[in-house]
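Encoded as structure tokens, the structure appears first; notes follow it.
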Number of protein chains: 2
Amino acid sequence: MKKIFILCACAWLMSIGMSAQTWQTAENAVPASEFPKVSSDRRAQFSIKAPEAKEVVLDICSKKYPMTKDADGVWTATSDPLVVGFHYYFFFVDGVQITDPACDSYYGCGRMASGIDIPEDPAEAAYYTYNKNIPHGQVRECYYWSETEQAKRRCYVYTPADYEKNPKTKYPVLYLQHGMGEGERGWHQQGKMAQIMDNAIAAGKAKPMLVVMDYGNCGYSFGAKKGESMGDFGASFTKILLEETIPFIESHFRALTDRDHRAMAGLSWGGKETFDITLANLDKFSYIGAFSGALFMAAGQEVNTMYNGAFADAAAFNKKVHALFLGTGSEENLGTQAVNEKLSAAGIKTHYYVSEGTAHEWLTWRRCLNQFIPLLF
Amino acid sequence: MKKIFILCACAWLMSIGMSAQTWQTAENAVPASEFPKVSSDRRAQFSIKAPEAKEVVLDICSKKYPMTKDADGVWTATSDPLVVGFHYYFFFVDGVQITDPACDSYYGCGRMASGIDIPEDPAEAAYYTYNKNIPHGQVRECYYWSETEQAKRRCYVYTPADYEKNPKTKYPVLYLQHGMGEGERGWHQQGKMAQIMDNAIAAGKAKPMLVVMDYGNCGYSFGAKKGESMGDFGASFTKILLEETIPFIESHFRALTDRDHRAMAGLSWGGKETFDITLANLDKFSYIGAFSGALFMAAGQEVNTMYNGAFADAAAFNKKVHALFLGTGSEENLGTQAVNEKLSAAGIKTHYYVSEGTAHEWLTWRRCLNQFIPLLF
């Protein structure tokens, strides 16, 4: 009897648990699609019609979930509660990795990938959430000609809401880079950069600025490869940024052009590019940010020999660089903490930030951007 | 002997044919990917790694090509020479329709789809090709709040190169709609709208104008559905365009706001929406374009009863509407020719255009846009 009571109680509690869940279509779904869906307890539910498939498996947040097929050949799966933030995901159809046709596609992981946002508590998410009560900037798609590559290149430029209202005002510029296997669309698509900038500017936490997002030449291919090898990834971007992107921006936007009004930051490989470019060009940049930066130090390497001695004179460096930001997720270790400790011990002033509970992922980088921009200009 | 000679000659001619082909990576490939590729004789070559798959089939331009697997599990296929223009394509892996991870994804066909541009002769393609020697406009991503939908909406706004240089000038506006199962990104991604506008404006063939591309609420879902049924597709967009989109544009851009400086056009279902909206609101629009428009007429319907009698007084209509453009591909028949004949017979002045050799596809609509914009403003 006791056992039956416990079973009944469990069933009742489970039904309460299930019925208490509310489901809504994820913001990443394509128009008119009901799926993917997210529940109030942060589960995600996916659906794909594939009558001919023998096995379909959902792959999200490093876990695989077998999907089940109904009589119409529609496969569905519901995940466990997921960590908040943006997650790439895939289906495996009879072993082949595919994207979800019902979900927007993002260039990441060196290929087109599906991605889903698992909502945080509204208060936590407020800084990257569209707020209807504040003015909004725009993200502009621009093409420019690269003499170096003998091809057109594409970049995106965020202009703050102010930009339209003050046709004579010039603005400082942040050059903001994506990571390896991602592209110039990453920050405004996966990163929600425009919402972060809009909210911080409206709250007076960040100054109105332009944000330029270009392709860092550090894509890699999921399939057949061409271009630079990994050791050189992004090396060709230095010349392009300095000689082509920046001149394009400064001739087509109302940009301030001195080093005091020029910043650069990047995530992961974009952090490496940021260090490589800014530390060799401190006459051009005065704010530096690395978000989960790929800042590899050889074992035993001394700070004063790194980056051609850029850090050798700490006092001079601290005077010249207005902010050096190092951010990382608490659940990853790409070496940011070690770099920060080494630089700090050598007297280099840093702004060190740890995003609690996040790994090498976009939520870490959204938070890093939000922490970085109040330091600028 | 004669037979052998002929065989040898054929083999030699074939080898000449093959060696004369040059291959280049398609403009739609993701960064660093070699595939998809296009040959000088307009074949396309695709590649996907899928060691576990038993059968992979390429599906492009209504033809299926079995792909062949190499020892590494990489499947490849080369198409026959293809019709020029933009084509959606898919792979079928063991019967399941998937996108190409090495190719950019486009929202079309009611789902995320792969797409490839088969280049035309440069002279033919010039009007939609990036030209490094002319000034370029920008495509701006904007979000605005919809009271009707109680949600943010996204639209894209093309601003001509002039817009940046003349901070007091106001510009006429073209509202430009996509088709069914496509979205607000279609015209600047699949349609190359910005290149078409840049080239036409630089050549003096079109006036500098704003082009607004919003979501026409006529998506449909490849999978589970929600929202309006097909008969109502897009009906909800009328109120949104008139009461929310237009006011947003006119309060955030330097737009001329009278009917003489406001145009609307759309492709396929967007052509239907254009007719529905403009003909009921001729106090607000004075230029009308339907590109392969879904303009269904009931059998025997009289022109003077169509659209609540908008065409009943031909002389008044011709005076009021500065341009009524009807375009279609020669290889499709959605009824544009019949509508044009009926309207013309009733004395309505139309600009009728047939895109030779193209069907219900983006090349038809690129050409239609290029024909339509010289008529405006």
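If you're wondering about the labels, chains in the structure tokens are A, B, ... by order shown, residues count from 1 in each chain, ligands from 1 in order shown.
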
For this session: Extract, using only C-alpha atoms, all DNA, RNA and protein residues at most 12 Å from Ala102 in chain A, discarding same-chain residues fewer than 5 positions from it, and format them as JSON, numbers by chain.
Result: {"A": [25, 26, 27, 28, 29, 30, 31, 32, 33, 34, 35, 36, 37, 45, 46, 47, 48, 49, 90, 91, 113, 114, 115, 116], "B": [98, 99, 105, 106, 107, 108, 109, 110, 111, 112, 113, 181, 219, 220, 221, 222, 223, 224, 225]}

Problem set entry | Residue set, range 8-237 of chain A restricted to strand (DSSP E), as a count of residues only | 80

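As for CA of Lys69 in chain B and CA of Asp100 in chain B, they are spaced 15.8 Å apart.
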
Interface rows for range 56-95 of chain A against range 123-138 of chain A: nearest pair, Å to one decimal, 12 Å, only C-alpha atoms, as a tab-separated table:
residue	atom	partner	partner_atom	distance
A:Val84	CA	A:Ala125	CA	9.7
A:Gly85	CA	A:Ala125	CA	9.1
A:Phe86	CA	A:Ala125	CA	11.8

With N, CA and C atoms kept, could you save the residues just selected as a PDB file, in the first residue's frame?
ATOM      1  N   VAL A  84      21.569  27.752 -20.153  1.00  0.00           N
ATOM      2  CA  VAL A  84      21.082  28.925 -20.885  1.00  0.00           C
ATOM      3  C   VAL A  84      22.114  29.378 -21.911  1.00  0.00           C
ATOM      4  N   GLY A  85      21.635  30.143 -22.885  1.00  0.00           N
ATOM      5  CA  GLY A  85      22.531  30.697 -23.897  1.00  0.00           C
ATOM      6  C   GLY A  85      22.310  30.088 -25.264  1.00  0.00           C
ATOM      7  N   PHE A  86      23.198  30.426 -26.188  1.00  0.00           N
ATOM      8  CA  PHE A  86      23.083  29.992 -27.581  1.00  0.00           C
ATOM      9  C   PHE A  86      23.873  28.708 -27.779  1.00  0.00           C
TER      10      PHE A  86
END

For this session: Select from range 59-262 of chain A everything DSSP, run on the backbone, classes as alpha helix (DSSP H), then give the selection as a PyMOL selection string.
Result: chain A and resi 122-125+162-165+186-189+193-202+235-240+246-252

Keeping only N, CA and C atoms, take the residues you just selected and write them out as a JSON list (two decimals), in the first residue's frame.
[["chain", "number", "residue", "atom", "x", "y", "z"],
["A", 122, "PRO", "N", 14.69, 36.60, -17.42],
["A", 122, "PRO", "CA", 14.63, 37.89, -18.11],
["A", 122, "PRO", "C", 15.59, 38.94, -17.54],
["A", 123, "ALA", "N", 15.76, 38.95, -16.24],
["A", 123, "ALA", "CA", 16.65, 39.95, -15.65],
["A", 123, "ALA", "C", 18.10, 39.73, -16.08],
["A", 124, "GLU", "N", 18.49, 38.45, -16.15],
["A", 124, "GLU", "CA", 19.86, 38.11, -16.58],
["A", 124, "GLU", "C", 20.05, 38.42, -18.06],
["A", 125, "ALA", "N", 18.98, 38.22, -18.83],
["A", 125, "ALA", "CA", 19.06, 38.35, -20.28],
["A", 125, "ALA", "C", 18.81, 39.78, -20.75],
["A", 162, "ASP", "N", 21.99, 57.34, -32.06],
["A", 162, "ASP", "CA", 22.45, 58.73, -32.16],
["A", 162, "ASP", "C", 22.95, 59.13, -33.54],
["A", 163, "TYR", "N", 23.55, 58.17, -34.21],
["A", 163, "TYR", "CA", 24.25, 58.44, -35.48],
["A", 163, "TYR", "C", 23.34, 59.13, -36.49],
["A", 164, "GLU", "N", 22.07, 58.75, -36.48],
["A", 164, "GLU", "CA", 21.12, 59.31, -37.44],
["A", 164, "GLU", "C", 20.72, 60.73, -37.08],
["A", 165, "LYS", "N", 20.81, 61.03, -35.79],
["A", 165, "LYS", "CA", 20.27, 62.31, -35.33],
["A", 165, "LYS", "C", 21.30, 63.42, -35.34],
["A", 186, "GLY", "N", 28.74, 36.54, -37.27],
["A", 186, "GLY", "CA", 28.62, 35.92, -35.95],
["A", 186, "GLY", "C", 28.18, 36.88, -34.85],
["A", 187, "TRP", "N", 28.83, 38.03, -34.78],
["A", 187, "TRP", "CA", 28.53, 38.92, -33.65],
["A", 187, "TRP", "C", 27.12, 39.49, -33.69],
["A", 188, "HIS", "N", 26.59, 39.77, -34.86],
["A", 188, "HIS", "CA", 25.23, 40.33, -34.82],
["A", 188, "HIS", "C", 24.17, 39.25, -34.90],
["A", 189, "GLN", "N", 24.52, 38.04, -35.30],
["A", 189, "GLN", "CA", 23.53, 36.96, -35.30],
["A", 189, "GLN", "C", 23.60, 36.13, -34.02],
["A", 193, "MET", "N", 24.96, 41.40, -30.69],
["A", 193, "MET", "CA", 25.75, 42.60, -30.45],
["A", 193, "MET", "C", 24.93, 43.88, -30.47],
["A", 194, "ALA", "N", 24.00, 44.00, -31.42],
["A", 194, "ALA", "CA", 23.24, 45.25, -31.54],
["A", 194, "ALA", "C", 22.38, 45.48, -30.30],
["A", 195, "GLN", "N", 21.78, 44.42, -29.79],
["A", 195, "GLN", "CA", 20.96, 44.58, -28.58],
["A", 195, "GLN", "C", 21.84, 44.97, -27.39],
["A", 196, "ILE", "N", 23.02, 44.36, -27.30],
["A", 196, "ILE", "CA", 23.93, 44.68, -26.20],
["A", 196, "ILE", "C", 24.36, 46.15, -26.28],
["A", 197, "MET", "N", 24.70, 46.59, -27.47],
["A", 197, "MET", "CA", 25.12, 47.99, -27.63],
["A", 197, "MET", "C", 23.96, 48.94, -27.34],
["A", 198, "ASP", "N", 22.79, 48.66, -27.91],
["A", 198, "ASP", "CA", 21.61, 49.51, -27.71],
["A", 198, "ASP", "C", 21.32, 49.68, -26.22],
["A", 199, "ASN", "N", 21.29, 48.56, -25.51],
["A", 199, "ASN", "CA", 20.93, 48.61, -24.09],
["A", 199, "ASN", "C", 21.99, 49.35, -23.27],
["A", 200, "ALA", "N", 23.25, 49.07, -23.53],
["A", 200, "ALA", "CA", 24.31, 49.72, -22.75],
["A", 200, "ALA", "C", 24.36, 51.22, -23.04],
["A", 201, "ILE", "N", 24.16, 51.59, -24.30],
["A", 201, "ILE", "CA", 24.19, 53.01, -24.66],
["A", 201, "ILE", "C", 22.98, 53.73, -24.05],
["A", 202, "ALA", "N", 21.81, 53.11, -24.17],
["A", 202, "ALA", "CA", 20.60, 53.75, -23.64],
["A", 202, "ALA", "C", 20.69, 53.94, -22.12],
["A", 235, "ALA", "N", 46.38, 35.37, -40.36],
["A", 235, "ALA", "CA", 47.56, 36.23, -40.52],
["A", 235, "ALA", "C", 47.33, 37.24, -41.64],
["A", 236, "SER", "N", 46.63, 36.80, -42.69],
["A", 236, "SER", "CA", 46.41, 37.71, -43.82],
["A", 236, "SER", "C", 45.45, 38.84, -43.47],
["A", 237, "PHE", "N", 44.77, 38.74, -42.34],
["A", 237, "PHE", "CA", 43.79, 39.77, -41.98],
["A", 237, "PHE", "C", 44.47, 41.05, -41.48],
["A", 238, "THR", "N", 45.66, 40.94, -40.94],
["A", 238, "THR", "CA", 46.34, 42.12, -40.39],
["A", 238, "THR", "C", 46.46, 43.23, -41.44],
["A", 239, "LYS", "N", 47.01, 42.86, -42.57],
["A", 239, "LYS", "CA", 47.21, 43.84, -43.65],
["A", 239, "LYS", "C", 45.86, 44.38, -44.14],
["A", 240, "ILE", "N", 44.89, 43.48, -44.25],
["A", 240, "ILE", "CA", 43.58, 43.91, -44.76],
["A", 240, "ILE", "C", 42.91, 44.88, -43.79],
["A", 246, "ILE", "N", 39.98, 49.59, -42.25],
["A", 246, "ILE", "CA", 39.95, 50.86, -41.50],
["A", 246, "ILE", "C", 39.82, 52.06, -42.45],
["A", 247, "PRO", "N", 40.61, 52.13, -43.52],
["A", 247, "PRO", "CA", 40.39, 53.25, -44.47],
["A", 247, "PRO", "C", 38.97, 53.27, -45.04],
["A", 248, "PHE", "N", 38.40, 52.10, -45.33],
["A", 248, "PHE", "CA", 37.03, 52.07, -45.84],
["A", 248, "PHE", "C", 36.07, 52.65, -44.82],
["A", 249, "ILE", "N", 36.21, 52.20, -43.58],
["A", 249, "ILE", "CA", 35.30, 52.69, -42.53],
["A", 249, "ILE", "C", 35.45, 54.20, -42.36],
["A", 250, "GLU", "N", 36.68, 54.66, -42.33],
["A", 250, "GLU", "CA", 36.90, 56.07, -42.03],
["A", 250, "GLU", "C", 36.55, 56.99, -43.20],
["A", 251, "SER", "N", 36.42, 56.43, -44.38],
["A", 251, "SER", "CA", 36.00, 57.25, -45.52],
["A", 251, "SER", "C", 34.50, 57.13, -45.79],
["A", 252, "HIS", "N", 33.84, 56.18, -45.17],
["A", 252, "HIS", "CA", 32.41, 55.98, -45.44],
["A", 252, "HIS", "C", 31.52, 56.20, -44.21]]

For this session: Would you kindly return, as a PyMOL selection string, each protein, DNA or RNA residue with an atom no farther than 10 Å from any atom of Arg140 in chain A, considering only C-alpha atoms and excluding same-chain residues fewer than 6 positions away?
Result: (chain A and resi 155-159+212) or (chain B and resi 137-142+156-159)

For this session: Would you list the contacts of Ala338 in chain A as a PyMOL selection string, taking every protein, DNA or RNA residue within 10 Å and counting only C-alpha atoms, but skipping same-chain residues closer than 6 positions in sequence?
Result: chain A and resi 295-297+344

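Of the listed residues A:Asn166, A:Ser62, A:Thr358, A:Ser286, the one whose atoms come nearest to His322 in chain A is A:Ser286, with distances taken using only C-alpha atoms.
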
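In this comparison, which uses only C-alpha atoms, the residue of A:Arg367, A:Lys54, A:His360, A:Lys349 approaching chain B most closely is A:Lys54.
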
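Between CA of Thr336 in chain A and CA of Leu282 in chain A lies a distance of 21.1 Å.
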
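Taking only C-alpha atoms, the non-local environment of Val96 in chain A within 8 Å (same-chain residues fewer than 6 positions away omitted) comprises Ala50, Pro51, Glu52, Ala53 and Val93 of chain B.
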
Might you pull out every residue within 12 Å of range 331-334 of chain A, with only C-alpha atoms counted and same-chain residues fewer than 5 positions away left off, and present them as an mmCIF file with all heavy atoms, in the first residue's frame?
data_model
loop_
_atom_site.group_PDB
_atom_site.id
_atom_site.type_symbol
_atom_site.label_atom_id
_atom_site.label_comp_id
_atom_site.auth_asym_id
_atom_site.auth_seq_id
_atom_site.Cartn_x
_atom_site.Cartn_y
_atom_site.Cartn_z
ATOM 1 N N VAL A 83 21.649 24.225 -20.429
ATOM 2 C CA VAL A 83 22.312 25.435 -19.959
ATOM 3 C C VAL A 83 21.790 26.610 -20.777
ATOM 4 O O VAL A 83 21.567 26.473 -21.988
ATOM 5 C CB VAL A 83 23.839 25.284 -20.138
ATOM 6 C CG1 VAL A 83 24.562 26.577 -19.807
ATOM 7 C CG2 VAL A 83 24.350 24.140 -19.272
ATOM 8 N N LEU A 267 36.913 37.347 -29.968
ATOM 9 C CA LEU A 267 36.669 36.144 -29.173
ATOM 10 C C LEU A 267 37.508 35.005 -29.731
ATOM 11 O O LEU A 267 37.699 34.895 -30.945
ATOM 12 C CB LEU A 267 35.184 35.796 -29.182
ATOM 13 C CG LEU A 267 34.568 35.248 -30.475
ATOM 14 C CD1 LEU A 267 34.630 33.727 -30.542
ATOM 15 C CD2 LEU A 267 33.128 35.725 -30.577
ATOM 16 N N SER A 268 38.015 34.179 -28.842
ATOM 17 C CA SER A 268 38.752 32.973 -29.223
ATOM 18 C C SER A 268 39.868 33.332 -30.220
ATOM 19 O O SER A 268 40.749 34.137 -29.891
ATOM 20 C CB SER A 268 37.773 31.925 -29.777
ATOM 21 O OG SER A 268 38.388 30.662 -29.825
ATOM 22 N N TRP A 269 39.825 32.797 -31.446
ATOM 23 C CA TRP A 269 40.881 33.129 -32.404
ATOM 24 C C TRP A 269 40.885 34.626 -32.711
ATOM 25 O O TRP A 269 41.932 35.214 -33.017
ATOM 26 C CB TRP A 269 40.722 32.321 -33.693
ATOM 27 C CG TRP A 269 42.036 32.179 -34.422
ATOM 28 C CD1 TRP A 269 42.463 32.903 -35.512
ATOM 29 C CD2 TRP A 269 43.100 31.273 -34.105
ATOM 30 N NE1 TRP A 269 43.717 32.503 -35.890
ATOM 31 C CE2 TRP A 269 44.137 31.497 -35.042
ATOM 32 C CE3 TRP A 269 43.289 30.309 -33.122
ATOM 33 C CZ2 TRP A 269 45.343 30.779 -35.026
ATOM 34 C CZ3 TRP A 269 44.479 29.589 -33.105
ATOM 35 C CH2 TRP A 269 45.485 29.832 -34.037
ATOM 36 N N GLY A 271 40.495 36.824 -30.501
ATOM 37 C CA GLY A 271 41.296 37.390 -29.417
ATOM 38 C C GLY A 271 42.778 37.313 -29.756
ATOM 39 O O GLY A 271 43.531 38.260 -29.523
ATOM 40 N N LYS A 272 43.177 36.198 -30.326
ATOM 41 C CA LYS A 272 44.569 36.068 -30.799
ATOM 42 C C LYS A 272 44.869 37.141 -31.849
ATOM 43 O O LYS A 272 45.884 37.840 -31.780
ATOM 44 C CB LYS A 272 44.783 34.677 -31.410
ATOM 45 C CG LYS A 272 46.193 34.493 -31.978
ATOM 46 C CD LYS A 272 46.301 33.249 -32.847
ATOM 47 C CE LYS A 272 47.740 33.012 -33.307
ATOM 48 N NZ LYS A 272 48.244 34.049 -34.223
ATOM 49 N N ALA A 290 40.245 40.680 -25.187
ATOM 50 C CA ALA A 290 40.290 39.279 -25.632
ATOM 51 C C ALA A 290 39.261 38.501 -24.820
ATOM 52 O O ALA A 290 39.339 38.449 -23.596
ATOM 53 C CB ALA A 290 41.682 38.703 -25.436
ATOM 54 N N PHE A 291 38.270 37.947 -25.517
ATOM 55 C CA PHE A 291 37.199 37.185 -24.872
ATOM 56 C C PHE A 291 37.485 35.706 -25.136
ATOM 57 O O PHE A 291 37.385 35.251 -26.278
ATOM 58 C CB PHE A 291 35.834 37.553 -25.463
ATOM 59 C CG PHE A 291 35.551 39.040 -25.576
ATOM 60 C CD1 PHE A 291 34.579 39.488 -26.474
ATOM 61 C CD2 PHE A 291 36.226 39.989 -24.804
ATOM 62 C CE1 PHE A 291 34.283 40.842 -26.597
ATOM 63 C CE2 PHE A 291 35.942 41.351 -24.927
ATOM 64 C CZ PHE A 291 34.977 41.779 -25.826
ATOM 65 N N SER A 292 37.831 34.965 -24.106
ATOM 66 C CA SER A 292 38.269 33.570 -24.296
ATOM 67 C C SER A 292 39.352 33.520 -25.366
ATOM 68 O O SER A 292 39.364 32.632 -26.227
ATOM 69 C CB SER A 292 37.115 32.657 -24.733
ATOM 70 O OG SER A 292 35.991 32.806 -23.916
ATOM 71 N N GLY A 293 40.246 34.478 -25.330
ATOM 72 C CA GLY A 293 41.241 34.621 -26.400
ATOM 73 C C GLY A 293 42.188 33.435 -26.487
ATOM 74 O O GLY A 293 42.569 32.846 -25.480
ATOM 75 N N ALA A 294 42.538 33.099 -27.706
ATOM 76 C CA ALA A 294 43.499 32.012 -27.933
ATOM 77 C C ALA A 294 44.908 32.588 -27.787
ATOM 78 O O ALA A 294 45.625 32.818 -28.755
ATOM 79 C CB ALA A 294 43.269 31.430 -29.331
ATOM 80 N N LEU A 295 45.270 32.843 -26.521
ATOM 81 C CA LEU A 295 46.520 33.563 -26.220
ATOM 82 C C LEU A 295 47.555 32.567 -25.702
ATOM 83 O O LEU A 295 47.809 32.472 -24.514
ATOM 84 C CB LEU A 295 46.250 34.644 -25.169
ATOM 85 C CG LEU A 295 45.102 35.604 -25.488
ATOM 86 C CD1 LEU A 295 44.833 36.526 -24.314
ATOM 87 C CD2 LEU A 295 45.407 36.403 -26.752
ATOM 88 N N PHE A 296 48.101 31.824 -26.623
ATOM 89 C CA PHE A 296 49.013 30.761 -26.208
ATOM 90 C C PHE A 296 50.373 31.329 -25.808
ATOM 91 O O PHE A 296 50.957 32.137 -26.530
ATOM 92 C CB PHE A 296 49.182 29.744 -27.343
ATOM 93 C CG PHE A 296 47.874 29.263 -27.878
ATOM 94 C CD1 PHE A 296 47.507 29.526 -29.189
ATOM 95 C CD2 PHE A 296 46.988 28.576 -27.062
ATOM 96 C CE1 PHE A 296 46.286 29.092 -29.683
ATOM 97 C CE2 PHE A 296 45.766 28.131 -27.557
ATOM 98 C CZ PHE A 296 45.409 28.390 -28.874
ATOM 99 N N MET A 297 50.847 30.907 -24.649
ATOM 100 C CA MET A 297 52.200 31.278 -24.229
ATOM 101 C C MET A 297 53.035 30.014 -24.177
ATOM 102 O O MET A 297 52.588 28.998 -23.622
ATOM 103 C CB MET A 297 52.178 31.884 -22.819
ATOM 104 C CG MET A 297 51.519 33.238 -22.769
ATOM 105 S SD MET A 297 51.675 33.941 -21.113
ATOM 106 C CE MET A 297 50.949 32.664 -20.108
ATOM 107 N N LEU A 326 40.594 41.111 -20.307
ATOM 108 C CA LEU A 326 40.743 39.670 -20.509
ATOM 109 C C LEU A 326 39.533 38.984 -19.877
ATOM 110 O O LEU A 326 39.334 39.062 -18.660
ATOM 111 C CB LEU A 326 42.021 39.168 -19.842
ATOM 112 C CG LEU A 326 43.331 39.678 -20.453
ATOM 113 C CD1 LEU A 326 44.501 39.397 -19.519
ATOM 114 C CD2 LEU A 326 43.574 39.037 -21.814
ATOM 115 N N VAL A 339 47.373 33.801 -18.485
ATOM 116 C CA VAL A 339 47.900 35.017 -19.131
ATOM 117 C C VAL A 339 47.681 36.219 -18.221
ATOM 118 O O VAL A 339 48.588 37.052 -18.031
ATOM 119 C CB VAL A 339 47.225 35.243 -20.508
ATOM 120 C CG1 VAL A 339 47.563 36.624 -21.061
ATOM 121 C CG2 VAL A 339 47.646 34.158 -21.483
ATOM 122 N N ASN A 340 46.495 36.271 -17.640
ATOM 123 C CA ASN A 340 46.205 37.402 -16.758
ATOM 124 C C ASN A 340 47.149 37.434 -15.550
ATOM 125 O O ASN A 340 47.657 38.496 -15.175
ATOM 126 C CB ASN A 340 44.756 37.333 -16.281
ATOM 127 C CG ASN A 340 44.409 38.511 -15.407
ATOM 128 O OD1 ASN A 340 44.524 39.661 -15.836
ATOM 129 N ND2 ASN A 340 44.035 38.246 -14.157
ATOM 130 N N VAL A 354 35.487 36.964 -15.258
ATOM 131 C CA VAL A 354 35.101 35.560 -15.397
ATOM 132 C C VAL A 354 33.574 35.468 -15.487
ATOM 133 O O VAL A 354 32.860 35.948 -14.598
ATOM 134 C CB VAL A 354 35.598 34.713 -14.201
ATOM 135 C CG1 VAL A 354 35.124 33.260 -14.349
ATOM 136 C CG2 VAL A 354 37.112 34.766 -14.101
ATOM 137 N N SER A 355 33.109 34.886 -16.563
ATOM 138 C CA SER A 355 31.669 34.656 -16.733
ATOM 139 C C SER A 355 31.315 33.348 -16.036
ATOM 140 O O SER A 355 31.733 32.267 -16.457
ATOM 141 C CB SER A 355 31.356 34.579 -18.237
ATOM 142 O OG SER A 355 30.087 34.003 -18.438
ATOM 143 N N GLU A 356 30.545 33.460 -14.979
ATOM 144 C CA GLU A 356 30.264 32.277 -14.156
ATOM 145 C C GLU A 356 29.338 31.290 -14.866
ATOM 146 O O GLU A 356 28.298 31.676 -15.402
ATOM 147 C CB GLU A 356 29.634 32.700 -12.819
ATOM 148 C CG GLU A 356 30.606 33.336 -11.850
ATOM 149 C CD GLU A 356 31.830 32.463 -11.523
ATOM 150 O OE1 GLU A 356 31.690 31.215 -11.504
ATOM 151 O OE2 GLU A 356 32.935 33.032 -11.310
ATOM 152 N N GLY A 357 29.742 30.043 -14.866
ATOM 153 C CA GLY A 357 28.875 28.971 -15.345
ATOM 154 C C GLY A 357 28.842 28.787 -16.848
ATOM 155 O O GLY A 357 28.064 27.985 -17.356
ATOM 156 N N THR A 358 29.676 29.540 -17.575
ATOM 157 C CA THR A 358 29.653 29.406 -19.033
ATOM 158 C C THR A 358 31.009 28.931 -19.547
ATOM 159 O O THR A 358 32.038 29.149 -18.917
ATOM 160 C CB THR A 358 29.291 30.735 -19.728
ATOM 161 O OG1 THR A 358 30.301 31.713 -19.428
ATOM 162 C CG2 THR A 358 27.947 31.241 -19.258
ATOM 163 N N ALA A 359 30.968 28.305 -20.712
ATOM 164 C CA ALA A 359 32.167 27.698 -21.299
ATOM 165 C C ALA A 359 32.636 28.511 -22.508
ATOM 166 O O ALA A 359 32.499 29.734 -22.518
ATOM 167 C CB ALA A 359 31.857 26.252 -21.661
ATOM 168 N N HIS A 360 33.193 27.824 -23.500
ATOM 169 C CA HIS A 360 33.688 28.493 -24.712
ATOM 170 C C HIS A 360 32.504 28.655 -25.655
ATOM 171 O O HIS A 360 32.333 27.892 -26.607
ATOM 172 C CB HIS A 360 34.791 27.628 -25.334
ATOM 173 C CG HIS A 360 35.716 28.390 -26.225
ATOM 174 N ND1 HIS A 360 36.610 29.330 -25.753
ATOM 175 C CD2 HIS A 360 35.906 28.366 -27.573
ATOM 176 C CE1 HIS A 360 37.305 29.826 -26.761
ATOM 177 N NE2 HIS A 360 36.891 29.273 -27.870
ATOM 178 N N GLU A 361 31.696 29.655 -25.428
ATOM 179 C CA GLU A 361 30.385 29.751 -26.081
ATOM 180 C C GLU A 361 29.925 31.206 -26.129
ATOM 181 O O GLU A 361 30.457 32.081 -25.439
ATOM 182 C CB GLU A 361 29.372 28.921 -25.293
ATOM 183 C CG GLU A 361 29.266 29.361 -23.832
ATOM 184 C CD GLU A 361 28.239 28.568 -23.019
ATOM 185 O OE1 GLU A 361 27.073 28.552 -23.436
ATOM 186 O OE2 GLU A 361 28.606 27.998 -21.975
ATOM 187 N N LEU A 363 27.399 32.830 -24.941
ATOM 188 C CA LEU A 363 26.936 33.553 -23.749
ATOM 189 C C LEU A 363 28.129 34.169 -23.008
ATOM 190 O O LEU A 363 28.036 35.290 -22.481
ATOM 191 C CB LEU A 363 26.120 32.637 -22.828
ATOM 192 C CG LEU A 363 25.390 33.366 -21.688
ATOM 193 C CD1 LEU A 363 24.511 34.502 -22.198
ATOM 194 C CD2 LEU A 363 24.548 32.385 -20.878
ATOM 195 N N THR A 364 29.247 33.474 -22.981
ATOM 196 C CA THR A 364 30.469 34.051 -22.409
ATOM 197 C C THR A 364 30.830 35.343 -23.146
ATOM 198 O O THR A 364 31.163 36.369 -22.530
ATOM 199 C CB THR A 364 31.642 33.051 -22.560
ATOM 200 O OG1 THR A 364 31.309 31.846 -21.884
ATOM 201 C CG2 THR A 364 32.929 33.629 -22.001
#

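Nearest residue to Tyr89 in chain A among A:Ala161, A:Leu58, A:Ala280, A:Val303 is A:Leu58, counting only C-alpha atoms.
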
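The residue that comes closest to chain A, out of B:Gln371, B:Gln150, B:Thr78, B:Ser40 and on the basis of only C-alpha atoms, is B:Gln150.
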
Tell me, as a short mmCIF file (atom, residue, chain, number, x, y, z; two decimals) with C-alpha atoms, in the first residue's frame, which residues lie within 12 Å of range 314-318 of chain A, counting only C-alpha atoms; anything in the same chain fewer than 5 positions away does not count.
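Written out: result_0.cif:
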data_model
loop_
_atom_site.label_atom_id
_atom_site.label_comp_id
_atom_site.auth_asym_id
_atom_site.auth_seq_id
_atom_site.Cartn_x
_atom_site.Cartn_y
_atom_site.Cartn_z
CA LEU A 279 50.25 44.98 -29.75
CA LEU A 282 49.87 50.56 -30.45
CA ASP A 283 50.11 53.79 -32.42
CA SER A 286 44.46 52.15 -27.34
CA TYR A 287 41.82 49.66 -26.09
CA ILE A 288 42.28 45.91 -26.31
CA VAL A 303 56.25 38.54 -20.33
CA ASN A 304 58.93 40.95 -21.46
CA GLY A 309 58.44 43.19 -26.09
CA ALA A 323 42.14 49.33 -21.17
CA LEU A 324 43.35 45.77 -21.54
CA LEU A 343 50.68 39.96 -17.03
CA SER A 344 49.49 41.15 -13.62
CA ALA A 345 52.63 39.81 -11.94
CA ALA A 346 54.66 41.78 -14.46
CA GLY A 347 52.80 44.96 -13.50
CA ILE A 348 50.52 45.15 -16.54
CA LYS A 349 47.13 46.54 -15.57
CA THR A 350 44.30 44.32 -16.79
CA HIS A 351 40.55 44.15 -16.46
#
